[in-house]
Amino acid sequence: MSTGIVVAVDGTSGSGKSSTSRGAAERLGLRYLDTGAMFRAMTWWMLRHAIDVHDAGAVAAHVDLPVLVSGTSPAQPTIALDEVDVSAEIRSDAVNAAVSPVSAVPAVRARLLAMQRAIIEEALAGPGIVVEGRDIGSVVWPQAPVKLYLTADAGARASRRAAETGSTDDAAVERTRESLQARDVIDSERVTAPLTRAEGAVHLDTTPYTLAEVIDLVVDLVEGAKAQA
Ligand code: DC
């Protein structure tokens, strides 16, 4: 019987989900899955193959072609597309601008959902996994014993993202803020698996906290859930 745990981390773009999820997974000895990277890789493939990302039918027609492999090490997460590492490419502005429409296509979500569940099931044979995204607690793994919903105010999110990319002038921060907010609107308003606070999810507004503090909070929640199991 499986003794592993699933920690579902959902939330808005730039709320600190990735750093928090990786840090907590490392501390807890769990695997880590970045589902956003899977949607980004799918988007990169569509762009590379000149598929119109605003044509849902065209995107759906190609959804089975990319060969995607997600590595689940929290210290070194990887994402390979057709056997080539695309960790850098999937963070490009072109992908940022196209990922929300691609993620709204039901056929894209269906294919990635099957892959995500298979990865989770495999991790459950061991200690378990921290999975981050938009619909993990609501759709991918609603039975997760620990669910988090992370948010942060728009200014804080833009400044953090800008610091990560090294573009810290006012105009760059403002562009980042607009891009994050535009994605949140599309991600929250789409019909299939929108970004939402899942039933039972603990809402954490990370604005006033350091990353180390948020990781401590998550580790405490998971330890508490394990003690109750
Ligand atoms: O977490 P991220 O910013 O890398 O995610 C990129 C996009 O992928 C996000 O704008 C919406 C989509 N996404 C999704 O629809 N569902 C998920 N579980 C994860 C990401």
# chains A, B, ... in the order shown; residues from 1 in each chain; ligands from 1
call {"tool": "closest_atom_pairs", "arguments": {"of": "chain A", "to": "ligand 1", "cutoff": "7 Å", "atoms": "only C-alpha atoms and all ligand atoms", "output": "tab-separated table"}}
result
residue	atom	partner	partner_atom_place_in_ligand_line	distance
A:Ser13	CA	ligand 1	3 (O)	4.8
A:Gly14	CA	ligand 1	3 (O)	6.7
A:Thr35	CA	ligand 1	19 (C)	4.8
A:Gly36	CA	ligand 1	20 (C)	3.5
A:Ala37	CA	ligand 1	4 (O)	5.4
A:Phe39	CA	ligand 1	8 (O)	4.9
A:Arg40	CA	ligand 1	6 (C)	5.9
A:Val99	CA	ligand 1	7 (C)	5.4
A:Ser100	CA	ligand 1	10 (O)	4.9
A:Ser103	CA	ligand 1	15 (O)	4.7
A:Ala104	CA	ligand 1	15 (O)	6.7
A:Glu132	CA	ligand 1	18 (N)	6.7
A:Gly133	CA	ligand 1	18 (N)	3.5
A:Arg134	CA	ligand 1	18 (N)	4.1
A:Asp135	CA	ligand 1	18 (N)	4.8
A:Ile136	CA	ligand 1	18 (N)	5.9
A:Arg183	CA	ligand 1	10 (O)	5.2
A:Asp184	CA	ligand 1	10 (O)	6.7
A:Asp187	CA	ligand 1	11 (C)	5.6
call {"tool": "residues_around", "arguments": {"residues": "Arg91 (chain A)", "least_positions_apart": "2", "cutoff": "12 Å", "atoms": "only C-alpha atoms", "output": "compact mmCIF listing (two decimals) with N, CA, C and O atoms, in the first residue's frame"}}
result
# COMPACT_ATOMS: atom_id res chain seq x y z
N GLY A 36 3.37 23.72 -14.89
CA GLY A 36 3.45 24.88 -15.78
C GLY A 36 4.50 24.66 -16.86
O GLY A 36 4.31 25.05 -18.02
N ALA A 37 5.60 24.00 -16.49
CA ALA A 37 6.66 23.73 -17.47
C ALA A 37 6.13 22.82 -18.58
O ALA A 37 6.54 22.94 -19.74
N MET A 38 5.20 21.92 -18.24
CA MET A 38 4.65 21.02 -19.27
C MET A 38 3.80 21.84 -20.25
O MET A 38 3.89 21.65 -21.47
N PHE A 39 2.97 22.76 -19.74
CA PHE A 39 2.17 23.61 -20.63
C PHE A 39 3.07 24.52 -21.45
O PHE A 39 2.82 24.78 -22.63
N ARG A 40 4.15 24.98 -20.84
CA ARG A 40 5.10 25.85 -21.56
C ARG A 40 5.80 25.06 -22.69
O ARG A 40 5.99 25.58 -23.78
N ALA A 41 6.19 23.82 -22.40
CA ALA A 41 6.88 23.02 -23.42
C ALA A 41 5.94 22.74 -24.59
O ALA A 41 6.33 22.81 -25.77
N THR A 43 3.57 24.62 -25.53
CA THR A 43 3.44 25.90 -26.24
C THR A 43 4.66 26.15 -27.13
O THR A 43 4.53 26.57 -28.28
N TRP A 44 5.84 25.85 -26.59
CA TRP A 44 7.08 26.04 -27.36
C TRP A 44 7.05 25.17 -28.62
O TRP A 44 7.41 25.60 -29.71
N ILE A 79 12.98 19.51 -18.20
CA ILE A 79 11.86 19.27 -19.10
C ILE A 79 12.45 19.08 -20.50
O ILE A 79 13.18 19.92 -20.99
N VAL A 86 14.59 21.82 -22.88
CA VAL A 86 14.06 23.13 -23.30
C VAL A 86 13.80 24.03 -22.08
O VAL A 86 12.97 24.93 -22.14
N SER A 87 14.54 23.78 -20.99
CA SER A 87 14.31 24.55 -19.76
C SER A 87 14.43 26.05 -19.99
O SER A 87 13.68 26.83 -19.40
N ALA A 88 15.37 26.47 -20.83
CA ALA A 88 15.56 27.91 -21.06
C ALA A 88 14.49 28.45 -22.02
O ALA A 88 13.84 29.46 -21.75
N GLU A 89 14.26 27.73 -23.12
CA GLU A 89 13.33 28.20 -24.15
C GLU A 89 11.92 28.43 -23.60
O GLU A 89 11.23 29.37 -24.02
N ASP A 93 9.84 35.24 -23.68
CA ASP A 93 8.67 36.12 -23.79
C ASP A 93 7.64 35.53 -24.76
O ASP A 93 6.43 35.67 -24.56
N ALA A 94 8.13 34.90 -25.82
CA ALA A 94 7.20 34.33 -26.82
C ALA A 94 6.30 33.28 -26.15
O ALA A 94 5.09 33.23 -26.39
N VAL A 95 6.90 32.45 -25.30
CA VAL A 95 6.10 31.43 -24.60
C VAL A 95 5.20 32.09 -23.55
O VAL A 95 4.01 31.74 -23.44
N ASN A 96 5.72 33.07 -22.82
CA ASN A 96 4.87 33.78 -21.84
C ASN A 96 3.61 34.31 -22.51
O ASN A 96 2.52 34.24 -21.93
N ALA A 97 3.75 34.82 -23.72
CA ALA A 97 2.61 35.44 -24.39
C ALA A 97 1.63 34.41 -24.95
O ALA A 97 0.45 34.71 -25.14
N ALA A 98 2.12 33.18 -25.23
CA ALA A 98 1.27 32.20 -25.92
C ALA A 98 0.75 31.09 -25.02
O ALA A 98 -0.15 30.34 -25.40
N VAL A 99 1.31 30.97 -23.80
CA VAL A 99 1.00 29.78 -22.99
C VAL A 99 -0.45 29.74 -22.49
O VAL A 99 -1.05 28.67 -22.41
N ARG A 161 9.69 38.70 -10.06
CA ARG A 161 9.97 38.13 -11.38
C ARG A 161 11.06 38.93 -12.08
O ARG A 161 11.96 38.38 -12.70
N GLU A 164 14.38 38.08 -10.79
CA GLU A 164 14.84 36.78 -11.30
C GLU A 164 15.46 36.93 -12.69
O GLU A 164 16.42 36.26 -13.03
N THR A 165 14.86 37.82 -13.50
CA THR A 165 15.33 37.94 -14.89
C THR A 165 16.37 39.04 -15.05
O THR A 165 16.94 39.20 -16.12
call {"tool": "residues_around", "arguments": {"residues": "region 123-130 of chain A", "least_positions_apart": "2", "cutoff": "7 Å", "atoms": "only C-alpha atoms", "output": "list of chain:residue names"}}
result
A:Ser2, A:Thr3, A:Gly4, A:Ile5, A:Val6, A:Val7, A:Ala8, A:Ser21, A:Ala25, A:Leu30, A:Arg31, A:Tyr32, A:Leu33, A:Ile119, A:Ile120, A:Glu121, A:Glu132
call {"tool": "residues_around", "arguments": {"residues": "Ser159 (chain A)", "least_positions_apart": "3", "cutoff": "10 Å", "atoms": "only C-alpha atoms", "output": "PyMOL selection string"}}
result
chain A and resi 14+154-156+162-165+167-170+172-174+176-177
call {"tool": "write_last_selection", "arguments": {"atoms": "N, CA and C atoms", "output": "PDB file, in the first residue's frame"}}
result
ATOM      1  N   GLY A  14       3.688  33.970 -10.607  1.00  0.00           N
ATOM      2  CA  GLY A  14       4.631  34.801  -9.858  1.00  0.00           C
ATOM      3  C   GLY A  14       4.338  34.923  -8.370  1.00  0.00           C
ATOM      4  N   ALA A 154       0.142  42.236  -6.882  1.00  0.00           N
ATOM      5  CA  ALA A 154       0.693  42.322  -8.237  1.00  0.00           C
ATOM      6  C   ALA A 154       2.064  42.989  -8.258  1.00  0.00           C
ATOM      7  N   GLY A 155       2.240  44.045  -7.480  1.00  0.00           N
ATOM      8  CA  GLY A 155       3.524  44.746  -7.462  1.00  0.00           C
ATOM      9  C   GLY A 155       4.640  43.841  -6.965  1.00  0.00           C
ATOM     10  N   ALA A 156       4.369  43.105  -5.888  1.00  0.00           N
ATOM     11  CA  ALA A 156       5.388  42.204  -5.319  1.00  0.00           C
ATOM     12  C   ALA A 156       5.743  41.114  -6.330  1.00  0.00           C
ATOM     13  N   ALA A 162      10.977  40.283 -11.947  1.00  0.00           N
ATOM     14  CA  ALA A 162      11.979  41.136 -12.586  1.00  0.00           C
ATOM     15  C   ALA A 162      13.357  40.864 -11.984  1.00  0.00           C
ATOM     16  N   ALA A 163      13.408  40.670 -10.671  1.00  0.00           N
ATOM     17  CA  ALA A 163      14.700  40.388 -10.025  1.00  0.00           C
ATOM     18  C   ALA A 163      15.266  39.071 -10.549  1.00  0.00           C
ATOM     19  N   GLU A 164      14.382  38.081 -10.786  1.00  0.00           N
ATOM     20  CA  GLU A 164      14.843  36.777 -11.296  1.00  0.00           C
ATOM     21  C   GLU A 164      15.457  36.927 -12.687  1.00  0.00           C
ATOM     22  N   THR A 165      14.865  37.822 -13.500  1.00  0.00           N
ATOM     23  CA  THR A 165      15.330  37.941 -14.890  1.00  0.00           C
ATOM     24  C   THR A 165      16.373  39.039 -15.045  1.00  0.00           C
ATOM     25  N   SER A 167      15.864  42.261 -15.082  1.00  0.00           N
ATOM     26  CA  SER A 167      15.368  43.514 -15.680  1.00  0.00           C
ATOM     27  C   SER A 167      14.597  44.289 -14.621  1.00  0.00           C
ATOM     28  N   THR A 168      15.298  45.156 -13.905  1.00  0.00           N
ATOM     29  CA  THR A 168      14.664  45.776 -12.740  1.00  0.00           C
ATOM     30  C   THR A 168      14.283  47.241 -12.948  1.00  0.00           C
ATOM     31  N   ASP A 169      14.453  47.783 -14.190  1.00  0.00           N
ATOM     32  CA  ASP A 169      14.039  49.182 -14.367  1.00  0.00           C
ATOM     33  C   ASP A 169      12.509  49.267 -14.347  1.00  0.00           C
ATOM     34  N   ASP A 170      11.985  50.483 -14.077  1.00  0.00           N
ATOM     35  CA  ASP A 170      10.542  50.648 -13.861  1.00  0.00           C
ATOM     36  C   ASP A 170       9.700  50.139 -15.022  1.00  0.00           C
ATOM     37  N   ALA A 172      10.424  47.845 -17.223  1.00  0.00           N
ATOM     38  CA  ALA A 172      10.450  46.377 -17.306  1.00  0.00           C
ATOM     39  C   ALA A 172       9.544  45.767 -16.240  1.00  0.00           C
ATOM     40  N   VAL A 173       9.566  46.340 -15.037  1.00  0.00           N
ATOM     41  CA  VAL A 173       8.715  45.820 -13.955  1.00  0.00           C
ATOM     42  C   VAL A 173       7.247  45.995 -14.338  1.00  0.00           C
ATOM     43  N   GLU A 174       6.918  47.148 -14.934  1.00  0.00           N
ATOM     44  CA  GLU A 174       5.546  47.411 -15.334  1.00  0.00           C
ATOM     45  C   GLU A 174       5.098  46.429 -16.430  1.00  0.00           C
ATOM     46  N   THR A 176       6.273  43.450 -16.902  1.00  0.00           N
ATOM     47  CA  THR A 176       6.134  42.139 -16.252  1.00  0.00           C
ATOM     48  C   THR A 176       4.804  42.061 -15.508  1.00  0.00           C
ATOM     49  N   ARG A 177       4.446  43.160 -14.823  1.00  0.00           N
ATOM     50  CA  ARG A 177       3.194  43.172 -14.062  1.00  0.00           C
ATOM     51  C   ARG A 177       2.008  42.974 -15.006  1.00  0.00           C
TER      52      ARG A 177
END
call {"tool": "closest_residue", "arguments": {"among": "A:Gly23, A:Pro145, A:Gly166, A:Gly200", "to": "Pro74 (chain A)", "atoms": "only C-alpha atoms"}}
result
A:Gly23
call {"tool": "residues_around", "arguments": {"residues": "His54 (chain A)", "least_positions_apart": "3", "cutoff": "10 Å", "atoms": "only C-alpha atoms", "output": "list in words"}}
result
Ile51, Gly57, Ala58, Val59, Ala98, Ser100, Pro101, Val102, Ala104 and Val105 of chain A
call {"tool": "closest_residue", "arguments": {"among": "A:Arg109, A:Lys226, A:His203, A:Lys147", "to": "Met42 (chain A)", "atoms": "only C-alpha atoms"}}
result
A:Arg109
call {"tool": "closest_residue", "arguments": {"among": "A:His62, A:Gln228, A:Ala50, A:Val219", "to": "Arg22 (chain A)", "atoms": "only C-alpha atoms"}}
result
A:Val219
call {"tool": "select_by_dssp", "arguments": {"residues": "region 64-197 of chain A", "states": "strand (DSSP E)", "output": "ChimeraX atom specification"}}
result
/A:68-71,78-81,84-85,128-133,146-151
call {"tool": "select_by_dssp", "arguments": {"residues": "chain A", "states": "alpha helix (DSSP H)", "output": "NGL selection string"}}
result
:A and (17-28 or 35-48 or 56-61 or 93-103 or 106-124 or 154-165 or 170-189 or 211-228)
call {"tool": "closest_residue", "arguments": {"among": "A:Leu150, A:Val63, A:Val69, A:Val185", "to": "Val202 (chain A)", "atoms": "only C-alpha atoms"}}
result
A:Leu150
call {"tool": "atom_distance", "arguments": {"atom1": "CA of Leu65 (chain A)", "atom2": "CA of Leu195 (chain A)"}}
result
26.2 Å
call {"tool": "atom_distance", "arguments": {"atom1": "CA of Ala24 (chain A)", "atom2": "CA of Gln76 (chain A)"}}
result
13.9 Å
call {"tool": "atom_distance", "arguments": {"atom1": "CA of Val9 (chain A)", "atom2": "CA of Gly137 (chain A)"}}
result
7.3 Å
call {"tool": "residues_around", "arguments": {"residues": "Leu211 (chain A)", "least_positions_apart": "4", "cutoff": "10 Å", "atoms": "only C-alpha atoms", "output": "list in words"}}
result
Gly16, Lys17, Ser19, Thr20, Gly23, Thr206, Thr207, Ile215, Asp216 and Leu217 of chain A
call {"tool": "closest_residue", "arguments": {"among": "A:Val108, A:Arg190, A:Arg27, A:Ser92", "to": "Val53 (chain A)", "atoms": "only C-alpha atoms"}}
result
A:Val108
call {"tool": "closest_residue", "arguments": {"among": "A:Gly11, A:Pro106, A:Gly224, A:Gly29", "to": "Ala201 (chain A)", "atoms": "only C-alpha atoms"}}
result
A:Gly11
